[in-house]
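Read the structure below first, then the notes.
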Amino acid sequence: MTTDETSLQGASMEGRYRLLVDAITDYAIYMLDTEGRISSWNAGAQRLKGYAESEILDKHFSQFYTPEDLAAGLPAKALSTAEAEGRFEAEGWRVRKDGERFWAHVVIDAISDQHGRLLGFAKITRDLSERKAAREVLKRSEEQFRMLIQGVTDYAIYMLDPEGNVSSWNAGAQRIKGYEPGEIIGHHFSRFYTDDDRADDLPRKALEVAARDGRFEKEGWRLRKDGTRFWANVIIDAIHLEDGTHIGFAKVTRDITEKRLAQQALEQAQQELFQAQKMEAVGQLTGGVAHDFNNLLMAILGSLEIARKRALEGQNVIELIDNAISGAKRGASLTQRLLAFSRKQDLKLEVVDAPSLVREMAELLQRSIGPSIEISTTFPLSLPPVWSDPNQLESALLNLVVNARDAMPDGGIIAISAHKHVLKEKQLPELRAGQYVCLSVTDEGEGMNTETLEKAATPFFTTKGIGKGTGLGLSMVQGLMAQSGGRLVMKSTLGRGTTAELWLPVAEITGKSDAAVETSASAAVPPLTVLAVDDDSLVLMNTVLMLEDLGHRVIEANSGQEALRLLEHGPLPDILITDHAMPQMTGAQLAGEVIERYPGLHVVLATGYAELPGGEAAALPRLSKPFSQEQLSDALAAAIRPDQ
């Protein structure tokens, strides 16, 4: 290649480089001579600085510097550094032609020939004003956040490294924990935990959960520097970089000791209030029940006392004894109401035809309400049977009718009706979805206001005045409905009467009617040997007399232990009848022992409660107290002939 060709190729390469530099507009790229005067100027320099090439060539580059930098001699220092070290780089304020300042990133490279002689400088300037503004905003935000964290005194907010060592400490942490930053930074956070928590390895488990799930939260005792305890709510969050690298944890602790103490005080106050309300309820119950029972006992004792005197004189005492029996039955009925209220009465659930039950009660209902009130009944031609205890349902219906009568002192009409209804889930509180029969009793009385309606079924609440009721009527009905899988619903408007609805679940008919499954309990029972057990001597004596009157041979025992001794040393009886509520060994426990030792011996449990322990004893025949001689005979028959 000739010299001319080489020169031409070099000139062509230089032209391409110049075109490249001139095309760049984001960077100011220009040359300086050894004195710092501008010898070239690209389009980017014109855009950033504001000078046209004709305006700036041969001018000194120091005119881009601020007065402060000029006073400090920065332009000369920049060139001397570039000459000495080959390069100068810095950021700082620069000035455009119009006097506006911008934040610039500046690089000055020394240009030398092949012999090392300085020819000038290449200078590249970039406008970083937007980046600087963003950095300033971020810096201010971080500073504000730091000040915020440091200013919080109600929360201990601090950082932990991945191993659990404290790496930052705010004023709240200092106030709550008691440590100065210099005392705690670099130490493991487990020192805040109690000995028991450290023994359970709770600090490690907490970090493990936070690292795995991203968050850990718990309440518990924590320790201050002086060793005192405080109840803390603790949250630990795992901290990760954008690439997912785990760099530590953020921990927030709040002292909620006062809140916990206030909660405990509130719970204590609520418990004391509950006890006070319970005692008030017991007082109301005692007053109402005592009144009713005193009346009954007066009738019983008076009748028996006169009967005893007349019997000694050889007079007829049948009427007096019947009167005493009637009073005792009324007492048993009152007891059943109490058990119904507590939902512990022994229900005998069976299939019941509601319209037939009402028709059979018609005479009793009319006699109970008197001639001034008329009863109207409305039932559909086809109504499915319900699942309930017929005796208890009769009692509940009678109670509602009597209440309706009391609401109409001037007479009126009581309407009894029923209809089938299919309930959806949660349509009526406390009732499952399914088919129900709604049996309702409606009166034309004065009705109830909202406050009275809300309290109507509340235990011991009554509007009938002192001595006219215990306030357990509707509670009894409510208890029956709950045990039957139904519900009592009261509806009333002041001046427009009241409707009481009994929602009863529809019975599923499986083919056999209940009448076909009736036991032949009332059939004659052959003479038996009966072991009677009861810790109450009066009750035991009465049971023995009734059994002997039925023709049975009776062995007596006043405790479960005595009964076991008799069974161990004597011939086995045919059947064992035992009370349940006895000290040291209950009837259910005795029955369990007897079943295990003497599997062929029949056992009957006599009790006034429906709730008995589970196990084999729960499936035994039961005799509800108080019981009559006929009921006792039926229980014996059912026990010795269970398949009939």
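So you can find residues: chains in the structure tokens are A, B, ... in the order shown, residues in each start at 1, and ligands are numbered from 1 in order.
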Residues within 10 Å of Ile414 in chain A, please, as an MDAnalysis selection string. Count only C-alpha atoms; anything in the same chain fewer than 2 positions from it doesn't count. chainID A and resid 369 373:377 401:402 404:405 408 411:412 416:417 441:445 499
CA of Leu207 in chain A to CA of Thr153 in chain A, distance in Å rounded to a single decimal: 24.2 Å
Applying 8 Å and only C-alpha atoms, which residues near Leu590 in chain A remain after dropping the ones on its own chain fewer than 5 positions away? List them as an MDAnalysis selection string. chainID A and resid 560 564 585
Just C-alpha atoms for this one: save the residues we selected as a short mmCIF file (atom, residue, chain, number, x, y, z; two decimals), in the first residue's frame.
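Below is the file again.cif, written as the result:
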data_model
loop_
_atom_site.label_atom_id
_atom_site.label_comp_id
_atom_site.auth_asym_id
_atom_site.auth_seq_id
_atom_site.Cartn_x
_atom_site.Cartn_y
_atom_site.Cartn_z
CA GLY A 560 -72.84 -49.88 96.27
CA LEU A 564 -71.21 -56.01 96.10
CA MET A 585 -69.85 -45.47 94.41
#
CA of Lys177 in chain A and CA of Arg224 in chain A are how many Å apart?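 Between these atoms lies a distance of 4.6 Å.
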Using only C-alpha atoms, pick whichever of A:Tyr436, A:Asn391, A:Glu501, A:Gly314 has the shortest atom-to-atom distance to Lys424 in chain A.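 Of A:Tyr436, A:Asn391, A:Glu501, A:Gly314, the one nearest Lys424 in chain A is A:Tyr436, counting only C-alpha atoms.
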At what distance in Å, to one decimal, does CA of Met361 in chain A lie from CA of Ala328 in chain A?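 So the two atoms, CA of Ala328 in chain A and CA of Met361 in chain A, lie 22.6 Å apart.
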